[in-house]
Structure formats: C-alpha cells, structure tokens
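Asker: File name my_file06.cif; file contents mmCIF, N, CA and C atoms; full text below.
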data_run
#
loop_
_atom_site.label_atom_id
_atom_site.label_comp_id
_atom_site.auth_asym_id
_atom_site.auth_seq_id
_atom_site.Cartn_x
_atom_site.Cartn_y
_atom_site.Cartn_z
N MET A 54 3.57 -1.40 7.71
CA MET A 54 4.06 -1.79 6.39
C MET A 54 5.40 -2.49 6.53
N SER A 55 5.60 -3.49 5.72
CA SER A 55 6.85 -4.24 5.70
C SER A 55 8.00 -3.34 5.26
N ALA A 56 9.19 -3.64 5.76
CA ALA A 56 10.37 -2.86 5.38
C ALA A 56 10.70 -3.03 3.90
N ASP A 57 10.30 -4.16 3.35
CA ASP A 57 10.55 -4.43 1.93
C ASP A 57 9.29 -5.06 1.32
N PRO A 58 8.27 -4.25 1.08
CA PRO A 58 6.99 -4.80 0.62
C PRO A 58 7.00 -5.27 -0.82
N LEU A 59 6.12 -6.20 -1.10
CA LEU A 59 5.82 -6.62 -2.45
C LEU A 59 4.95 -5.52 -3.06
N VAL A 60 5.30 -5.07 -4.26
CA VAL A 60 4.60 -3.95 -4.89
C VAL A 60 3.69 -4.48 -5.99
N LEU A 61 2.40 -4.16 -5.88
CA LEU A 61 1.40 -4.64 -6.82
C LEU A 61 0.52 -3.50 -7.30
N LEU A 62 0.13 -3.57 -8.57
CA LEU A 62 -0.91 -2.69 -9.05
C LEU A 62 -2.23 -3.38 -8.76
N PRO A 63 -3.14 -2.73 -8.03
CA PRO A 63 -4.41 -3.37 -7.72
C PRO A 63 -5.26 -3.60 -8.97
N ARG A 64 -6.25 -4.43 -8.81
CA ARG A 64 -7.18 -4.68 -9.91
C ARG A 64 -7.80 -3.36 -10.36
N GLY A 65 -7.83 -3.14 -11.65
CA GLY A 65 -8.41 -1.92 -12.21
C GLY A 65 -7.44 -0.78 -12.37
N VAL A 66 -6.18 -0.96 -11.96
CA VAL A 66 -5.16 0.09 -12.10
C VAL A 66 -4.14 -0.38 -13.12
N ARG A 67 -3.80 0.53 -14.06
CA ARG A 67 -2.84 0.16 -15.10
C ARG A 67 -2.13 1.38 -15.65
N LEU A 68 -0.96 1.13 -16.21
CA LEU A 68 -0.23 2.18 -16.93
C LEU A 68 -0.82 2.32 -18.32
N HIS A 69 -0.86 3.54 -18.80
CA HIS A 69 -1.44 3.80 -20.12
C HIS A 69 -0.69 4.97 -20.75
N ASP A 70 -0.48 4.90 -22.05
CA ASP A 70 0.10 6.03 -22.78
C ASP A 70 -1.03 6.89 -23.32
N ASP A 71 -1.15 8.10 -22.80
CA ASP A 71 -2.17 9.03 -23.26
C ASP A 71 -1.63 9.72 -24.51
N ARG A 72 -2.09 9.28 -25.65
CA ARG A 72 -1.57 9.80 -26.93
C ARG A 72 -2.01 11.23 -27.19
N VAL A 73 -3.14 11.63 -26.64
CA VAL A 73 -3.61 13.01 -26.82
C VAL A 73 -2.66 13.98 -26.13
N ARG A 74 -2.30 13.67 -24.89
CA ARG A 74 -1.41 14.55 -24.13
C ARG A 74 0.07 14.21 -24.33
N GLY A 75 0.33 13.05 -24.90
CA GLY A 75 1.72 12.63 -25.10
C GLY A 75 2.44 12.31 -23.81
N ARG A 76 1.70 11.84 -22.81
CA ARG A 76 2.28 11.53 -21.50
C ARG A 76 1.77 10.17 -21.02
N PRO A 77 2.59 9.49 -20.22
CA PRO A 77 2.09 8.28 -19.58
C PRO A 77 1.18 8.65 -18.41
N VAL A 78 0.18 7.83 -18.18
CA VAL A 78 -0.75 8.04 -17.08
C VAL A 78 -0.97 6.73 -16.33
N LEU A 79 -1.27 6.86 -15.07
CA LEU A 79 -1.67 5.72 -14.27
C LEU A 79 -3.18 5.83 -14.13
N LEU A 80 -3.87 4.86 -14.71
CA LEU A 80 -5.33 4.86 -14.68
C LEU A 80 -5.82 3.98 -13.55
N GLY A 81 -6.76 4.53 -12.79
CA GLY A 81 -7.41 3.80 -11.73
C GLY A 81 -8.90 4.01 -11.86
N PRO A 82 -9.68 3.33 -11.04
CA PRO A 82 -11.12 3.52 -11.09
C PRO A 82 -11.50 5.00 -10.90
N GLU A 83 -12.08 5.57 -11.93
CA GLU A 83 -12.56 6.95 -11.94
C GLU A 83 -11.48 8.00 -11.65
N ARG A 84 -10.24 7.70 -12.01
CA ARG A 84 -9.17 8.68 -11.84
C ARG A 84 -8.01 8.38 -12.78
N ALA A 85 -7.25 9.42 -13.03
CA ALA A 85 -6.05 9.29 -13.85
C ALA A 85 -4.98 10.19 -13.25
N LEU A 86 -3.78 9.67 -13.16
CA LEU A 86 -2.65 10.42 -12.61
C LEU A 86 -1.61 10.59 -13.70
N MET A 87 -1.38 11.84 -14.10
CA MET A 87 -0.35 12.11 -15.11
C MET A 87 1.01 11.85 -14.47
N LEU A 88 1.89 11.16 -15.19
CA LEU A 88 3.18 10.76 -14.65
C LEU A 88 4.32 11.57 -15.26
N ASP A 89 5.25 11.97 -14.42
CA ASP A 89 6.48 12.56 -14.93
C ASP A 89 7.44 11.42 -15.26
N ASP A 90 8.62 11.75 -15.75
CA ASP A 90 9.57 10.72 -16.18
C ASP A 90 10.00 9.81 -15.03
N ILE A 91 10.19 10.39 -13.85
CA ILE A 91 10.63 9.58 -12.71
C ILE A 91 9.53 8.63 -12.26
N ALA A 92 8.32 9.12 -12.15
CA ALA A 92 7.20 8.27 -11.75
C ALA A 92 6.99 7.15 -12.76
N HIS A 93 7.10 7.48 -14.03
CA HIS A 93 6.94 6.46 -15.08
C HIS A 93 8.04 5.41 -14.98
N ALA A 94 9.27 5.84 -14.73
CA ALA A 94 10.38 4.89 -14.60
C ALA A 94 10.13 3.93 -13.45
N ILE A 95 9.66 4.45 -12.32
CA ILE A 95 9.38 3.58 -11.17
C ILE A 95 8.27 2.59 -11.51
N LEU A 96 7.19 3.08 -12.08
CA LEU A 96 6.05 2.21 -12.33
C LEU A 96 6.30 1.18 -13.43
N THR A 97 7.21 1.47 -14.36
CA THR A 97 7.51 0.46 -15.37
C THR A 97 8.24 -0.74 -14.76
N GLU A 98 8.79 -0.56 -13.57
CA GLU A 98 9.47 -1.67 -12.89
C GLU A 98 8.51 -2.51 -12.03
N VAL A 99 7.28 -2.05 -11.85
CA VAL A 99 6.31 -2.79 -11.06
C VAL A 99 5.75 -3.92 -11.93
N ASP A 100 6.08 -5.14 -11.54
CA ASP A 100 5.66 -6.31 -12.32
C ASP A 100 4.77 -7.26 -11.52
N ASN A 101 4.33 -6.81 -10.35
CA ASN A 101 3.48 -7.59 -9.45
C ASN A 101 4.17 -8.83 -8.89
N ARG A 102 5.49 -8.90 -9.00
CA ARG A 102 6.28 -10.00 -8.44
C ARG A 102 7.48 -9.48 -7.65
N SER A 103 7.77 -8.19 -7.77
CA SER A 103 8.99 -7.64 -7.20
C SER A 103 8.73 -6.89 -5.90
N ARG A 104 9.71 -6.97 -5.04
CA ARG A 104 9.70 -6.21 -3.80
C ARG A 104 10.30 -4.83 -4.08
N GLU A 105 10.05 -3.91 -3.16
CA GLU A 105 10.53 -2.54 -3.33
C GLU A 105 12.05 -2.51 -3.53
N SER A 106 12.79 -3.30 -2.76
CA SER A 106 14.26 -3.31 -2.88
C SER A 106 14.71 -3.78 -4.27
N GLN A 107 13.99 -4.70 -4.87
CA GLN A 107 14.33 -5.18 -6.21
C GLN A 107 14.09 -4.08 -7.25
N ILE A 108 13.02 -3.32 -7.07
CA ILE A 108 12.73 -2.20 -7.97
C ILE A 108 13.83 -1.16 -7.85
N VAL A 109 14.26 -0.87 -6.62
CA VAL A 109 15.34 0.10 -6.40
C VAL A 109 16.63 -0.38 -7.06
N THR A 110 16.95 -1.65 -6.92
CA THR A 110 18.17 -2.20 -7.51
C THR A 110 18.15 -2.07 -9.04
N ARG A 111 17.03 -2.38 -9.65
CA ARG A 111 16.93 -2.28 -11.11
C ARG A 111 17.02 -0.83 -11.57
N LEU A 112 16.38 0.08 -10.85
CA LEU A 112 16.46 1.49 -11.23
C LEU A 112 17.87 2.04 -11.07
N ALA A 113 18.55 1.63 -10.00
CA ALA A 113 19.94 2.08 -9.79
C ALA A 113 20.84 1.62 -10.93
N ALA A 114 20.65 0.39 -11.38
CA ALA A 114 21.44 -0.12 -12.50
C ALA A 114 21.06 0.60 -13.79
N ARG A 115 19.79 0.79 -14.00
CA ARG A 115 19.29 1.43 -15.23
C ARG A 115 19.79 2.86 -15.39
N PHE A 116 19.88 3.59 -14.27
CA PHE A 116 20.27 5.00 -14.34
C PHE A 116 21.66 5.26 -13.78
N ALA A 117 22.41 4.20 -13.47
CA ALA A 117 23.76 4.32 -12.93
C ALA A 117 23.80 5.31 -11.77
N ALA A 118 22.91 5.09 -10.82
CA ALA A 118 22.80 5.97 -9.65
C ALA A 118 22.93 5.15 -8.37
N PRO A 119 23.35 5.77 -7.30
CA PRO A 119 23.47 5.05 -6.03
C PRO A 119 22.10 4.61 -5.51
N GLN A 120 22.03 3.36 -5.05
CA GLN A 120 20.77 2.83 -4.54
C GLN A 120 20.24 3.65 -3.37
N ALA A 121 21.13 4.16 -2.53
CA ALA A 121 20.69 4.93 -1.37
C ALA A 121 19.92 6.18 -1.77
N GLU A 122 20.33 6.81 -2.86
CA GLU A 122 19.63 8.01 -3.34
C GLU A 122 18.25 7.66 -3.90
N ILE A 123 18.18 6.56 -4.61
CA ILE A 123 16.94 6.15 -5.26
C ILE A 123 15.94 5.59 -4.26
N ALA A 124 16.41 4.88 -3.26
CA ALA A 124 15.53 4.18 -2.32
C ALA A 124 14.53 5.10 -1.63
N GLY A 125 14.98 6.24 -1.17
CA GLY A 125 14.08 7.16 -0.48
C GLY A 125 12.99 7.69 -1.39
N ASP A 126 13.37 8.06 -2.61
CA ASP A 126 12.39 8.58 -3.57
C ASP A 126 11.37 7.51 -3.95
N VAL A 127 11.84 6.30 -4.18
CA VAL A 127 10.94 5.21 -4.55
C VAL A 127 9.97 4.91 -3.40
N HIS A 128 10.51 4.85 -2.20
CA HIS A 128 9.65 4.56 -1.04
C HIS A 128 8.59 5.64 -0.85
N GLU A 129 8.99 6.88 -0.94
CA GLU A 129 8.05 7.99 -0.77
C GLU A 129 6.96 7.97 -1.85
N PHE A 130 7.37 7.75 -3.10
CA PHE A 130 6.42 7.72 -4.21
C PHE A 130 5.43 6.57 -4.06
N LEU A 131 5.94 5.37 -3.76
CA LEU A 131 5.05 4.21 -3.63
C LEU A 131 4.12 4.36 -2.42
N SER A 132 4.61 4.94 -1.35
CA SER A 132 3.76 5.17 -0.18
C SER A 132 2.64 6.14 -0.50
N ASP A 133 2.95 7.18 -1.27
CA ASP A 133 1.93 8.14 -1.68
C ASP A 133 0.87 7.45 -2.55
N LEU A 134 1.31 6.61 -3.48
CA LEU A 134 0.35 5.89 -4.32
C LEU A 134 -0.48 4.91 -3.50
N ARG A 135 0.13 4.30 -2.50
CA ARG A 135 -0.63 3.41 -1.61
C ARG A 135 -1.73 4.19 -0.91
N ASP A 136 -1.40 5.38 -0.42
CA ASP A 136 -2.40 6.20 0.27
C ASP A 136 -3.55 6.60 -0.67
N ARG A 137 -3.25 6.71 -1.96
CA ARG A 137 -4.27 7.04 -2.95
C ARG A 137 -4.99 5.80 -3.49
N ARG A 138 -4.57 4.63 -3.00
CA ARG A 138 -5.11 3.34 -3.42
C ARG A 138 -4.85 3.03 -4.89
N LEU A 139 -3.66 3.46 -5.36
CA LEU A 139 -3.26 3.17 -6.73
C LEU A 139 -2.16 2.12 -6.79
N VAL A 140 -1.68 1.69 -5.63
CA VAL A 140 -0.70 0.62 -5.56
C VAL A 140 -0.92 -0.10 -4.23
N ASP A 141 -0.63 -1.39 -4.22
CA ASP A 141 -0.69 -2.18 -2.99
C ASP A 141 0.73 -2.51 -2.56
N LEU A 142 1.01 -2.36 -1.29
CA LEU A 142 2.30 -2.73 -0.72
C LEU A 142 2.03 -3.81 0.32
N LEU A 143 2.41 -5.03 -0.01
CA LEU A 143 2.12 -6.19 0.84
C LEU A 143 3.36 -6.68 1.54
N PRO A 144 3.19 -7.20 2.78
CA PRO A 144 4.34 -7.72 3.54
C PRO A 144 5.00 -8.90 2.85
#
For the structure just supplied, provide its representation as structure tokens.
Answerer:
Amino acid sequence: MSADPLVLLPRGVRLHDDRVRGRPVLLGPERALMLDDIAHAILTEVDNRSRESQIVTRLAARFAAPQAEIAGDVHEFLSDLRDRRLVDLLP
C-alpha cells in the first residue's frame, strides 16, 4: 500500500443516514456498518479525490487536533475498511 493512498468508496458503497436507528451507516453490497461519530467524521471527508494525508489535514483543522494524533487513527480505520472491502486505497 502507498504511504499516502488515494481513498475511494468502491462502487456500491455509500454513506447513509439510518433514520430508524438515528445513526449513520456505511452501506455496502449485502452489508451495513453502523458508524460512531469518529468513523462518520472520517468518512464524510472521503470525496474520491483526496489522499489519506489530505483527509487527516482537514480533520485536524476541523477538530483543532494535532495531525500526528489523528493520522494513526485514520490510517488504522481506513485499513480496516479496506480489508472489509468497504474502501479502496490506491497508490
């Protein structure tokens, strides 16, 4: 994997507001992942044009937090979603 991958939602995967449960969900083919506030914040920054470092920079500014603290969490979360085939990380 690239040190700074392009982050994409694959075809068929999208963010959705589940009004019944009152929570955001990431919908994929035959699956749904309930999102906590942190996961939702990360995924709202995925625009299919940004690299991981750009997402980290925007989140750091949005939450007035150090980029170094955010970078590890973002990388771990996106890697987990990649393993579940809910996000693509391209070089």
Asker: Excluding same-chain residues fewer than 3 positions from Pro144 in chain A, what lies within 12 Å of it counting only C-alpha atoms, as a list of chain:residue names?
Answerer: A:Met54, A:Ser55, A:Ala56, A:Asp57, A:Pro58, A:Leu59, A:Val60, A:Leu61, A:Ser103, A:Arg104, A:Glu105, A:Asp141
Asker: So the first atom is CA of Ala114 in chain A and the second is CA of Ala94 in chain A; what is the distance between them in Å, to one decimal place?
Answerer: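 Going from CA of Ala114 in chain A over to CA of Ala94 in chain A, I get 12.3 Å.
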Asker: I'd like the box whose edges run along x, y and z of the file and which contains every listed atom of range 80-99 of chain A, padded by 4 Å per side; could you state its centre and edge lengths in Å, one decimal, as lines of an AutoDock Vina configuration file?
Answerer:
center_x = -1.0
center_y = 4.3
center_z = -13.5
size_x = 31.2
size_y = 24.5
size_z = 13.3
Asker: Can you check which residues of chain A DSSP gives as strand (DSSP E or B) on the backbone and send them as a PyMOL selection string?
Answerer: chain A and resi 59-61+67-71+76-81+84-87+104+141-143
Asker: Record the distance separating atom N of Val66 in chain A and CA of Glu83 in chain A, expressed in Å with one decimal.
Answerer: 10.2 Å
Asker: Could you list as a PyMOL selection string every residue that has an atom within 10 Å of (19.1, 1.4, -4.7), using the file's coordinates and counting only C-alpha atoms?
Answerer: chain A and resi 105-114+117-127
Asker: Restricting the calculation to only C-alpha atoms, which member of A:Glu98, A:Asp90, A:Leu134, A:Leu139 is positioned closest to Arg67 in chain A?
Answerer: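 Closest to Arg67 in chain A of all the choices is A:Leu139.
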Asker: Would you fill the gaps in range 124-144 of chain A so it has N, CA, C and O atoms, then print it as an mmCIF file, in the frame of the given file?
Answerer:
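What follows is the written file rebuild_20.cif:
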data_model
loop_
_atom_site.group_PDB
_atom_site.id
_atom_site.type_symbol
_atom_site.label_atom_id
_atom_site.label_comp_id
_atom_site.auth_asym_id
_atom_site.auth_seq_id
_atom_site.Cartn_x
_atom_site.Cartn_y
_atom_site.Cartn_z
ATOM 1 N N ALA A 124 16.410 4.880 -3.260
ATOM 2 C CA ALA A 124 15.530 4.180 -2.320
ATOM 3 C C ALA A 124 14.530 5.100 -1.630
ATOM 4 O O ALA A 124 13.347 4.773 -1.525
ATOM 5 N N GLY A 125 14.980 6.240 -1.170
ATOM 6 C CA GLY A 125 14.080 7.160 -0.480
ATOM 7 C C GLY A 125 12.990 7.690 -1.390
ATOM 8 O O GLY A 125 11.813 7.761 -0.993
ATOM 9 N N ASP A 126 13.370 8.060 -2.610
ATOM 10 C CA ASP A 126 12.390 8.580 -3.570
ATOM 11 C C ASP A 126 11.370 7.510 -3.950
ATOM 12 O O ASP A 126 10.175 7.790 -4.032
ATOM 13 N N VAL A 127 11.840 6.300 -4.180
ATOM 14 C CA VAL A 127 10.940 5.210 -4.550
ATOM 15 C C VAL A 127 9.970 4.910 -3.400
ATOM 16 O O VAL A 127 8.767 4.786 -3.615
ATOM 17 N N HIS A 128 10.510 4.850 -2.200
ATOM 18 C CA HIS A 128 9.650 4.560 -1.040
ATOM 19 C C HIS A 128 8.590 5.640 -0.850
ATOM 20 O O HIS A 128 7.409 5.333 -0.644
ATOM 21 N N GLU A 129 8.990 6.880 -0.940
ATOM 22 C CA GLU A 129 8.050 7.990 -0.770
ATOM 23 C C GLU A 129 6.960 7.970 -1.850
ATOM 24 O O GLU A 129 5.776 8.143 -1.574
ATOM 25 N N PHE A 130 7.370 7.750 -3.100
ATOM 26 C CA PHE A 130 6.420 7.720 -4.210
ATOM 27 C C PHE A 130 5.430 6.570 -4.060
ATOM 28 O O PHE A 130 4.211 6.756 -4.192
ATOM 29 N N LEU A 131 5.940 5.370 -3.760
ATOM 30 C CA LEU A 131 5.050 4.210 -3.630
ATOM 31 C C LEU A 131 4.120 4.360 -2.420
ATOM 32 O O LEU A 131 2.960 3.962 -2.484
ATOM 33 N N SER A 132 4.610 4.940 -1.350
ATOM 34 C CA SER A 132 3.760 5.170 -0.180
ATOM 35 C C SER A 132 2.640 6.140 -0.500
ATOM 36 O O SER A 132 1.499 5.951 -0.068
ATOM 37 N N ASP A 133 2.950 7.180 -1.270
ATOM 38 C CA ASP A 133 1.930 8.140 -1.680
ATOM 39 C C ASP A 133 0.870 7.450 -2.550
ATOM 40 O O ASP A 133 -0.328 7.661 -2.360
ATOM 41 N N LEU A 134 1.310 6.610 -3.480
ATOM 42 C CA LEU A 134 0.350 5.890 -4.320
ATOM 43 C C LEU A 134 -0.480 4.910 -3.500
ATOM 44 O O LEU A 134 -1.664 4.716 -3.776
ATOM 45 N N ARG A 135 0.130 4.300 -2.500
ATOM 46 C CA ARG A 135 -0.630 3.410 -1.610
ATOM 47 C C ARG A 135 -1.730 4.190 -0.910
ATOM 48 O O ARG A 135 -2.868 3.739 -0.823
ATOM 49 N N ASP A 136 -1.400 5.380 -0.420
ATOM 50 C CA ASP A 136 -2.400 6.200 0.270
ATOM 51 C C ASP A 136 -3.550 6.600 -0.670
ATOM 52 O O ASP A 136 -4.674 6.783 -0.222
ATOM 53 N N ARG A 137 -3.250 6.710 -1.960
ATOM 54 C CA ARG A 137 -4.270 7.040 -2.950
ATOM 55 C C ARG A 137 -4.990 5.800 -3.490
ATOM 56 O O ARG A 137 -5.822 5.888 -4.393
ATOM 57 N N ARG A 138 -4.570 4.630 -3.000
ATOM 58 C CA ARG A 138 -5.110 3.340 -3.420
ATOM 59 C C ARG A 138 -4.850 3.030 -4.890
ATOM 60 O O ARG A 138 -5.653 2.402 -5.575
ATOM 61 N N LEU A 139 -3.660 3.460 -5.360
ATOM 62 C CA LEU A 139 -3.260 3.170 -6.730
ATOM 63 C C LEU A 139 -2.160 2.120 -6.790
ATOM 64 O O LEU A 139 -1.746 1.717 -7.872
ATOM 65 N N VAL A 140 -1.680 1.690 -5.630
ATOM 66 C CA VAL A 140 -0.700 0.620 -5.560
ATOM 67 C C VAL A 140 -0.920 -0.100 -4.230
ATOM 68 O O VAL A 140 -1.379 0.506 -3.255
ATOM 69 N N ASP A 141 -0.630 -1.390 -4.220
ATOM 70 C CA ASP A 141 -0.690 -2.180 -2.990
ATOM 71 C C ASP A 141 0.730 -2.510 -2.560
ATOM 72 O O ASP A 141 1.550 -2.904 -3.415
ATOM 73 N N LEU A 142 1.010 -2.360 -1.290
ATOM 74 C CA LEU A 142 2.300 -2.730 -0.720
ATOM 75 C C LEU A 142 2.030 -3.810 0.320
ATOM 76 O O LEU A 142 1.468 -3.546 1.375
ATOM 77 N N LEU A 143 2.410 -5.030 -0.010
ATOM 78 C CA LEU A 143 2.120 -6.190 0.840
ATOM 79 C C LEU A 143 3.360 -6.680 1.540
ATOM 80 O O LEU A 143 4.454 -6.634 0.991
ATOM 81 N N PRO A 144 3.190 -7.200 2.780
ATOM 82 C CA PRO A 144 4.340 -7.720 3.540
ATOM 83 C C PRO A 144 5.000 -8.900 2.850
ATOM 84 O O PRO A 144 4.458 -9.539 2.026
#
